[in-house]
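Below is the file model-v7.tsv, which contains TSV, C-alpha atoms.
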chain	number	residue	atom	x	y	z
N	168	MET	CA	116.69	154.38	117.62
N	169	LYS	CA	113.12	154.48	118.97
N	170	THR	CA	111.73	154.23	115.43
N	171	ARG	CA	113.91	151.16	114.70
N	172	SER	CA	112.89	149.51	117.97
N	173	ARG	CA	109.20	150.00	117.21
N	174	THR	CA	109.70	148.51	113.70
N	175	LEU	CA	111.34	145.36	115.10
N	176	THR	CA	108.57	145.00	117.68
N	177	VAL	CA	105.84	145.20	115.03
N	178	ALA	CA	107.67	142.71	112.79
N	179	CYS	CA	108.02	140.18	115.63
N	180	ALA	CA	104.35	140.55	116.54
N	181	LEU	CA	103.30	139.91	112.94
N	182	ALA	CA	105.53	136.83	112.71
N	183	LEU	CA	104.14	135.37	115.94
N	184	GLY	CA	100.59	136.04	114.78
N	185	THR	CA	101.25	134.22	111.50
N	186	LEU	CA	102.64	131.16	113.31
N	187	ALA	CA	99.69	131.09	115.69
N	188	ALA	CA	97.23	131.23	112.81
N	189	THR	CA	98.93	128.32	110.98
N	190	PRO	CA	97.19	125.01	111.85
N	191	ALA	CA	99.36	122.12	112.95
N	192	ILE	CA	99.42	119.32	110.36
N	193	ALA	CA	101.56	116.77	112.17
N	194	GLY	CA	99.63	113.67	113.08
N	195	ASN	CA	96.70	114.39	110.78
N	196	PRO	CA	95.36	111.25	109.10
N	197	THR	CA	95.96	110.72	105.40
N	198	HIS	CA	92.72	111.59	103.66
N	199	ALA	CA	91.29	109.80	100.67
N	200	GLY	CA	91.27	113.10	98.80
N	201	ALA	CA	95.08	113.31	98.84
N	202	SER	CA	96.52	113.84	95.39
N	203	VAL	CA	98.11	110.75	93.90
N	204	GLY	CA	100.40	113.01	91.88
N	205	ALA	CA	102.07	114.13	95.11
N	206	THR	CA	103.05	110.58	95.99
N	207	SER	CA	105.95	108.55	94.69
N	208	ASN	CA	105.77	106.40	91.60
N	209	GLU	CA	105.63	103.24	93.73
N	210	THR	CA	102.70	104.56	95.75
N	211	ALA	CA	100.80	105.60	92.63
N	212	HIS	CA	101.45	102.26	90.95
N	213	LEU	CA	100.34	100.27	94.00
N	214	ALA	CA	97.28	102.48	94.47
N	215	THR	CA	96.19	101.81	90.90
N	216	ARG	CA	96.50	98.08	91.54
N	217	TYR	CA	94.16	98.20	94.54
N	218	ALA	CA	91.78	100.96	93.38
N	219	ASP	CA	88.88	98.54	92.82
N	220	PHE	CA	89.50	96.86	96.16
N	221	ALA	CA	89.57	100.17	98.06
N	222	GLY	CA	86.56	101.58	96.22
N	223	SER	CA	88.36	104.40	94.41
N	224	GLN	CA	91.77	105.60	93.32
N	225	SER	CA	91.86	108.22	96.10
N	226	ASN	CA	90.92	105.62	98.72
N	227	ALA	CA	93.67	103.33	97.47
N	228	ALA	CA	96.21	106.18	97.58
N	229	ALA	CA	95.30	106.93	101.20
N	230	LEU	CA	95.40	103.21	102.04
N	231	VAL	CA	98.85	102.65	100.56
N	232	ALA	CA	100.27	105.86	102.03
N	233	GLY	CA	98.88	105.06	105.47
N	234	LEU	CA	100.33	101.54	105.56
N	235	ARG	CA	103.62	102.82	104.12
N	236	SER	CA	104.01	105.44	106.87
N	237	GLY	CA	102.27	103.53	109.65
N	238	SER	CA	99.94	106.46	110.31
N	239	ALA	CA	96.16	106.84	110.44
N	240	PHE	CA	94.33	107.30	107.15
N	241	VAL	CA	90.76	108.04	106.08
N	242	LEU	CA	88.64	106.06	103.60
N	243	THR	CA	85.39	107.48	102.26
N	244	SER	CA	82.28	105.63	101.11
N	245	THR	CA	78.80	106.55	99.89
N	246	ASP	CA	75.67	104.63	100.82
N	247	ALA	CA	72.61	104.00	98.67
N	248	ALA	CA	71.07	107.31	99.76
N	249	GLY	CA	74.18	109.22	98.69
N	250	ALA	CA	75.36	109.98	102.23
N	251	LEU	CA	79.13	110.29	102.55
N	252	THR	CA	80.87	108.41	105.37
N	253	GLN	CA	84.50	108.79	106.46
N	254	THR	CA	86.23	105.93	108.25
N	255	THR	CA	89.55	106.50	110.01
N	256	ILE	CA	91.83	103.45	110.17
N	257	THR	CA	94.98	103.32	112.27
N	258	PRO	CA	97.37	100.50	111.27
N	259	THR	CA	98.51	98.26	114.12
N	260	THR	CA	101.94	98.03	112.51
N	261	LYS	CA	104.69	100.57	112.09
N	262	ALA	CA	105.90	101.89	108.75
N	263	MET	CA	106.38	99.19	106.13
N	264	GLY	CA	108.17	98.90	102.81
N	265	TYR	CA	106.22	98.81	99.57
N	266	GLY	CA	106.74	95.06	99.28
N	267	GLU	CA	105.18	94.51	102.70
N	268	VAL	CA	102.30	96.86	101.88
N	269	ASN	CA	101.58	94.83	98.76
N	270	ILE	CA	101.68	91.58	100.76
N	271	ALA	CA	99.36	92.94	103.47
N	272	LEU	CA	96.83	94.18	100.93
N	273	SER	CA	96.95	90.99	98.87
N	274	LEU	CA	96.30	88.93	102.02
N	275	ALA	CA	93.44	91.17	103.15
N	276	LYS	CA	91.91	91.11	99.68
N	277	ALA	CA	92.19	87.32	99.43
N	278	GLU	CA	90.66	86.75	102.87
N	279	LEU	CA	87.68	88.98	102.12
N	280	ALA	CA	87.19	87.30	98.75
N	281	LYS	CA	87.24	83.91	100.49
N	282	ASN	CA	84.29	85.15	102.53
N	283	GLY	CA	82.43	86.26	99.42
N	284	ILE	CA	83.35	89.97	99.60
N	285	THR	CA	84.96	91.43	96.49
N	286	ASN	CA	83.84	95.05	96.91
N	287	PRO	CA	84.47	95.66	100.60
N	288	THR	CA	83.40	98.66	102.65
N	289	PRO	CA	86.01	100.62	104.62
N	290	GLN	CA	84.82	98.84	107.77
N	291	GLN	CA	85.37	95.44	106.17
N	292	ILE	CA	88.84	96.49	105.00
N	293	GLU	CA	89.65	97.57	108.55
N	294	ALA	CA	88.50	94.19	109.89
N	295	ALA	CA	90.71	92.36	107.39
N	296	LEU	CA	93.72	94.51	108.32
N	297	ASN	CA	93.40	95.13	112.07
N	298	GLY	CA	91.00	92.35	113.02
N	299	GLY	CA	87.35	92.44	114.00
N	300	VAL	CA	84.01	90.90	113.17
N	301	LEU	CA	83.25	90.67	109.47
N	302	THR	CA	79.57	91.04	108.71
N	303	SER	CA	78.44	89.69	105.35
N	304	ALA	CA	75.60	87.79	103.70
N	305	ASN	CA	77.15	84.60	105.09
N	306	GLY	CA	76.82	85.86	108.65
N	307	SER	CA	79.38	87.18	111.13
N	308	VAL	CA	82.94	85.90	110.86
N	309	PRO	CA	85.72	86.90	113.31
N	310	LEU	CA	88.93	88.00	111.58
N	311	HIS	CA	92.32	88.11	113.29
N	312	GLY	CA	93.64	90.84	110.97
N	313	VAL	CA	96.79	90.46	108.88
N	314	LEU	CA	98.41	93.54	110.43
N	315	ALA	CA	97.53	92.42	113.96
N	316	MET	CA	99.13	89.02	113.32
N	317	ARG	CA	102.20	90.72	111.87
N	318	GLN	CA	102.45	92.95	114.92
N	319	GLN	CA	102.40	89.81	117.10
N	320	GLY	CA	105.62	88.68	115.43
N	321	GLN	CA	104.34	86.29	112.78
N	322	GLY	CA	106.09	86.16	109.42
N	323	TRP	CA	104.17	86.89	106.24
N	324	GLY	CA	104.50	83.30	105.11
N	325	GLN	CA	103.20	82.08	108.44
N	326	ILE	CA	100.25	84.48	108.26
N	327	ALA	CA	99.41	83.34	104.73
N	328	ASN	CA	99.54	79.67	105.68
N	329	GLY	CA	97.37	80.30	108.72
N	330	LEU	CA	94.73	81.94	106.52
N	331	GLY	CA	94.84	79.09	104.01
N	332	PHE	CA	96.89	80.76	101.29
N	333	LYS	CA	100.28	80.39	99.65
N	334	LEU	CA	102.18	83.64	99.85
N	335	GLY	CA	104.23	83.23	96.68
N	336	ASP	CA	101.13	82.71	94.57
N	337	LEU	CA	99.34	85.67	96.16
N	338	VAL	CA	102.24	88.01	95.44
N	339	SER	CA	102.37	86.85	91.82
N	340	ALA	CA	98.59	87.10	91.44
N	341	SER	CA	98.51	90.63	92.87
N	342	GLU	CA	99.56	91.91	89.43
N	343	THR	CA	96.48	90.42	87.80
N	344	GLY	CA	94.00	91.06	90.62
N	345	ASN	CA	93.23	87.35	91.02
N	346	SER	CA	92.19	87.34	94.68
N	347	GLN	CA	91.50	83.59	94.69
N	348	ALA	CA	95.06	82.66	93.79
N	349	GLY	CA	97.16	81.09	96.50
N	350	MET	CA	94.36	79.13	98.18
N	351	HIS	CA	95.37	75.65	99.30
N	352	GLY	CA	93.93	72.95	97.10
N	353	GLN	CA	93.32	75.24	94.16
N	354	ALA	CA	94.04	73.69	90.77
N	355	GLY	CA	97.14	75.02	89.09
N	356	VAL	CA	98.86	76.17	92.29
N	357	HIS	CA	102.51	75.30	92.43
N	358	GLY	CA	104.88	75.52	95.36
N	359	SER	CA	104.48	77.36	98.64
N	360	VAL	CA	106.20	79.98	100.72
N	361	GLY	CA	106.47	79.24	104.41
N	362	THR	CA	107.87	80.92	107.49
N	363	GLY	CA	111.37	82.30	107.07
N	364	THR	CA	110.89	83.36	103.46
N	365	ASP	CA	109.70	86.91	104.10
N	366	ALA	CA	112.80	88.39	102.50
N	367	SER	CA	112.19	86.51	99.25
N	368	ALA	CA	108.50	87.39	99.28
N	369	ASN	CA	109.26	91.07	99.90
N	370	ALA	CA	111.81	91.07	97.09
N	371	ALA	CA	109.29	89.49	94.73
N	372	ALA	CA	106.61	91.99	95.76
N	373	ASN	CA	108.96	94.92	95.25
N	374	ALA	CA	110.06	93.61	91.86
N	375	SER	CA	106.44	93.28	90.76
N	376	LEU	CA	105.88	97.01	91.31
N	377	HIS	CA	108.24	97.93	88.51
N	378	ALA	CA	107.40	97.65	84.85
N	379	THR	CA	108.52	94.45	83.20
N	380	LEU	CA	111.34	95.03	80.78
N	381	PRO	CA	110.76	93.89	77.19
N	382	ALA	CA	112.24	90.58	76.20
N	383	ARG	CA	115.65	90.72	74.61
N	384	VAL	CA	115.42	90.75	70.85
N	385	ASN	CA	117.06	87.75	69.25
N	386	LEU	CA	119.50	88.84	66.58
N	387	PRO	CA	119.42	86.94	63.26
N	388	GLN	CA	121.89	84.12	63.09
N	389	ARG	CA	124.99	84.81	61.05
N	390	PRO	CA	124.79	82.94	57.73
N	391	ASN	CA	127.16	80.08	57.27
N	392	VAL	CA	130.14	81.05	55.14
N	393	PRO	CA	131.14	78.24	52.79
N	394	ALA	CA	134.59	76.93	53.42
N	395	VAL	CA	137.20	77.84	50.86
N	396	VAL	CA	138.41	74.71	49.08
N	397	ARG	CA	141.85	74.99	47.70
N	398	PRO	CA	142.49	73.21	44.41
N	399	ASN	CA	144.72	70.19	44.57
N	400	ILE	CA	148.19	71.08	43.33
N	401	PRO	CA	149.64	68.29	41.19
N	402	VAL	CA	152.76	66.69	42.46
N	403	HIS	CA	155.78	67.66	40.36
N	404	VAL	CA	157.44	64.73	38.69
N	405	GLY	CA	161.13	64.73	39.29
N	406	ILE	CA	163.32	65.13	36.22
N	407	GLY	CA	165.88	62.35	35.92
N	408	GLY	CA	169.55	63.18	35.47
N	409	GLY	CA	171.40	62.60	32.12
N	410	GLY	CA	173.33	59.31	31.59

How would this structure read if it were set down as structure tokens?
Amino acid sequence: MKTRSRTLTVACALALGTLAATPAIAGNPTHAGASVGATSNETAHLATRYADFAGSQSNAAALVAGLRSGSAFVLTSTDAAGALTQTTITPTTKAMGYGEVNIALSLAKAELAKNGITNPTPQQIEAALNGGVLTSANGSVPLHGVLAMRQQGQGWGQIANGLGFKLGDLVSASETGNSQAGMHGQAGVHGSVGTGTDASANAAANASLHATLPARVNLPQRPNVPAVVRPNIPVHVGIGGGG
């Protein structure tokens, strides 16, 4: 009995020591080095779409995953001297669906492009999302932040209109990376999406994440079958009776 008791005591001590040595991972920010393969297909697809905007595929994966979960994430950048900088961004919104993530990123991308920034730094991305002062060659511009405005209760259509864009066109253009699409007064822009149309915009954004199905193949038309013409049957002449 004493030997069994000592064995259980040693086993418990080893188990407690293992738990104590295991670092807690809850609450850790999503790092840019996170593997895209470990994410869902939607996350990987959306990350590929915004890889150029975020500066790298790994940055885009962390950006999408952070907005999707509503948790802090880390973006990395390298300056001219080769020094690596890590920027932690905490979204002001809670977890969002993939459609909303796509809308938020398309709005942030369009607003930065409107200010002449097409390859933003992590700090500039944070300003476009959470708000802040945008520093560029054109000077300092205060940004309200698309996520901050969303957190205040504004609809996506209302946010887009307030920034000078048309939400429907931005969502459609997000597939092609045309950050200038959706601006008011732009040639070739049709229609608009206003407040109260978030559900339609989210549905369109979600649908755009999936691969477009090939067009239905038109089957050859059935050849016309000539009508069958029956020959005219001569009328029988009645035979007269004998007199």

(request) Return the single residue from N:Gly322, N:Gly266, N:Gly331, N:Gly222 that is closest to Gln290 in chain N, with distances computed using all atoms listed in the file. (result)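 Smallest separation from Gln290 in chain N among the options: N:Gly222.
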
(message) Need the shell around Ala277 in chain N: protein/DNA/RNA residues with any atom at most 12 Å away, counting only C-alpha atoms. Skip same-chain ones fewer than 3 positions apart. Format as a PyMOL selection string?
(response) chain N and resi 220+270-274+280-287+292+295-296+313+327+330-334+336-338+340-341+344-350

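CA of Trp323 in chain N sits 11.2 Å away from CA of Asn269 in chain N.
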
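When all atoms listed in the file are used to measure the gap to Lys261 in chain N, the shortest distance among N:Ile326, N:Ala315, N:Ala248, N:Ala304 belongs to N:Ala315.
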
(message) To one decimal place in Å, what is the distance between CA of Gln318 in chain N and CA of Thr260 in chain N?
(response) 5.6 Å

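Each of N:Glu209, N:Leu301, N:Glu293, N:Leu314 was checked against Gly237 in chain N using all atoms listed in the file; the smallest atom-to-atom distance is that of N:Leu314.
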
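Close contacts of range 254-256 of chain N, defined as residues with an atom at most 8 Å away when counting only C-alpha atoms, with chain neighbours fewer than 3 positions off set aside, comprise Pro196, Ala239, Phe240, Val241, Leu242, Thr243, Pro289, Gln290 and Glu293 of chain N.
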